[in-house]
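Scroll down for the structure; my scribbles are underneath it.
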Amino acid sequence: MLIAALSLSALFAAPPAGAQSRIRDIVDVEGVRQNDLVGYGIVVGLNGTGDSVRNSPFTEDSLTHMLERLGVNVQGEEIKPKNVAAVLVTASLPAFARNGSSIDVSVSSIGDASSLEGGTLILTPLKGGDNEVYAVAQGSIIVSGIDVKAQAARTTRGTPTGGSVPNGARIEREVNFDFNDRDRIVLALRNPDFTTAARVEDTINSAFRIPIASMLDPGTVQLDLSGLTDTPARLLASIENMPVQVASPARIVIDEKSGTIVLGEDVTISKVAIAQGDISISVTEYPVASQPNPFAEGESIILPRSDIQITETGSGNIALLQPNVTLSQLINGLNALGVSPQEMADIIRAMKTAGSIHADLIIR
């Protein structure tokens with residue numbers, strides 16, 4: 001595909017203005033975060049798709065201990081159920097979660113079970129990093145994957161050995177954290193940037209008309225609450241919906257496996273000339289028969305003959321791009337010409353090597 005011309009309307013259209021985001025969508029509050037929970041449990045009620053005793057002996061041990069706690073004596077008995085599976089249960093404990101509230105849990109098989117469909121998770125304690133129990137999970141498992149097996153065929157789609165239990169865990173212990181007993185609040189930007197941090201500081205100070213916000217570094221804005229009468233929670237409620245224009249970095253991400261190209265808003269190019277010629281390779285076979293001389297002792301043979309021609313079409317067709325043109329406008333012009341994603345990625349890499357693209361290039 002040759003790049004011969006680009007649409008003038010695509011190349012000289014005005015770039016879009018920067019988008020505004022709420023402060024709550026671009027920062028995290030120091031100390032306000034989720035806590036990871038994990039537990040080991042047993043899933044019962046499977047339709048013959050559970051763990052095998054030979055490959056997962058810990059499943060039998062867990063089932064034996066659970067039955068003994070329920071008052072069932074199984075000592076000396078050989079248990080070989082096919083409807084039981086050992087699983088790991090994970091969840092996230094939200095900030096300020098209170099006793100009695102429910103959270104979602106994820107369930108994943110750790111044995112050789114083929115599917116958790118139709119199973120029920122039995123009472124499973126969920127522990128935090130301090131080895132304390134913060135929640136207890138139980139309930140029917142929802143599986144998105146399927147596993148269909150016949151005598152001579154088997155089809156699996158998705159992940160039938162993993163699932164979830166919506167609102168399957170109930171919180172039994174709270175994380176002690178007195179948020180209102182603070183005289184300073186630290187806002188951590190999820191994408192550190194000097195310009196964005198300065199805009200957050202200016203927006204907050206302009207709203208309160210006193211300098212309560214100060215930018216410590218490109219990823220941190222500190223709020224001083226010593227001169228305010230509002231509680232920290234009330235203060236955050238008043239500033240989290242304030243709009244701020246986020247400064248996005250000039251960045252290009254190319255995923256070569258999927259052919260995906262993602263462009264940042266502020267990617268620009270300098271004046272550059274581009275040409276991409278299609279190389280055509282033509283191979284022609286015309287075998288020739290060789291005959292022996294009359295009355296000579298010999299055999300007729302076929303001699304191979306090949307003709308290879310390499311041509312490059314469209315010589316002299318070069319696209320000249322003026323400066324201050326955004327790369328998104330260039331892509332619009334290339335799309336109009338029918339350039340494939342792979343060819344587009346090659347063009348972007350070549351332009352970056354030539355120094356005509358002003359952006360970070362990330363290739364995955």
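How things are named: the first chain in the structure tokens is A, the next is B, and so on; residues count from 1 in each chain; ligands count from 1 in the order shown.
Within the 12 Å cut-off around A:Asp178, using only C-alpha atoms and omitting residues fewer than 6 positions from it on the same chain, the listed residues are Gly31, Val32, Ala95, Phe96, Thr231, Pro232 and Ala233 of chain A.
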Leaving out A:Ile204 and any residue of its chain fewer than 6 positions from it, which residues lie within 9 Å of it when counting only C-alpha atoms, given as an mmCIF file with all heavy atoms, in the first residue's frame?
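Listed below is the output, selection_11.cif:
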```
data_model
loop_
_atom_site.group_PDB
_atom_site.id
_atom_site.type_symbol
_atom_site.label_atom_id
_atom_site.label_comp_id
_atom_site.auth_asym_id
_atom_site.auth_seq_id
_atom_site.Cartn_x
_atom_site.Cartn_y
_atom_site.Cartn_z
ATOM 1 N N ILE A 210 -8.329 29.795 50.488
ATOM 2 C CA ILE A 210 -7.182 29.784 51.399
ATOM 3 C C ILE A 210 -6.268 28.642 50.953
ATOM 4 O O ILE A 210 -6.737 27.632 50.427
ATOM 5 C CB ILE A 210 -7.596 29.594 52.879
ATOM 6 C CG1 ILE A 210 -8.459 28.348 53.041
ATOM 7 C CG2 ILE A 210 -8.304 30.832 53.414
ATOM 8 C CD1 ILE A 210 -8.799 28.028 54.489
ATOM 9 N N PRO A 211 -4.964 28.779 51.153
ATOM 10 C CA PRO A 211 -4.019 27.759 50.656
ATOM 11 C C PRO A 211 -3.966 26.520 51.544
ATOM 12 O O PRO A 211 -2.992 26.302 52.291
ATOM 13 C CB PRO A 211 -2.683 28.497 50.644
ATOM 14 C CG PRO A 211 -2.810 29.523 51.722
ATOM 15 C CD PRO A 211 -4.257 29.951 51.720
ATOM 16 N N ILE A 212 -4.997 25.714 51.487
ATOM 17 C CA ILE A 212 -4.988 24.485 52.285
ATOM 18 C C ILE A 212 -4.289 23.340 51.551
ATOM 19 O O ILE A 212 -3.879 22.358 52.173
ATOM 20 C CB ILE A 212 -6.418 24.058 52.662
ATOM 21 C CG1 ILE A 212 -7.204 23.654 51.413
ATOM 22 C CG2 ILE A 212 -7.128 25.152 53.429
ATOM 23 C CD1 ILE A 212 -8.538 23.007 51.734
ATOM 24 N N ALA A 213 -4.166 23.424 50.222
ATOM 25 C CA ALA A 213 -3.544 22.365 49.420
ATOM 26 C C ALA A 213 -2.147 22.785 49.013
ATOM 27 O O ALA A 213 -1.910 23.942 48.660
ATOM 28 C CB ALA A 213 -4.389 22.054 48.187
ATOM 29 N N ILE A 239 -14.677 18.284 47.972
ATOM 30 C CA ILE A 239 -13.684 18.499 46.914
ATOM 31 C C ILE A 239 -13.614 17.354 45.909
ATOM 32 O O ILE A 239 -13.068 17.538 44.818
ATOM 33 C CB ILE A 239 -12.276 18.712 47.512
ATOM 34 C CG1 ILE A 239 -11.744 17.413 48.115
ATOM 35 C CG2 ILE A 239 -12.283 19.834 48.528
ATOM 36 C CD1 ILE A 239 -10.307 17.500 48.570
ATOM 37 N N MET A 242 -14.890 18.096 42.336
ATOM 38 C CA MET A 242 -14.375 19.262 41.619
ATOM 39 C C MET A 242 -13.717 18.818 40.317
ATOM 40 O O MET A 242 -12.925 17.871 40.308
ATOM 41 C CB MET A 242 -13.349 20.008 42.476
ATOM 42 C CG MET A 242 -13.939 20.665 43.714
ATOM 43 S SD MET A 242 -12.665 21.535 44.653
ATOM 44 C CE MET A 242 -13.644 22.163 46.026
#
```
task: Give me every alpha helix (DSSP H) residue in stretch 156-278 of chain A, going by DSSP on the backbone, as a PyMOL selection string.
output: chain A and resi 194-208+232-239
- prompt: Among stretch 26-187 of chain A, which ones does DSSP place in strand (DSSP E), written as a ChimeraX atom specification?
  reply: /A:27-29,35-44,84-93,102-109,120-127,133-140,146-149,154-157,162-171,184-187
query: Which polymer residues have any atom within 6 Å of an atom of stretch 50-58 of chain A, counting only C-alpha atoms, with same-chain residues fewer than 4 positions away left out, as a PyMOL selection string?
result: chain A and resi 82-85+111-113
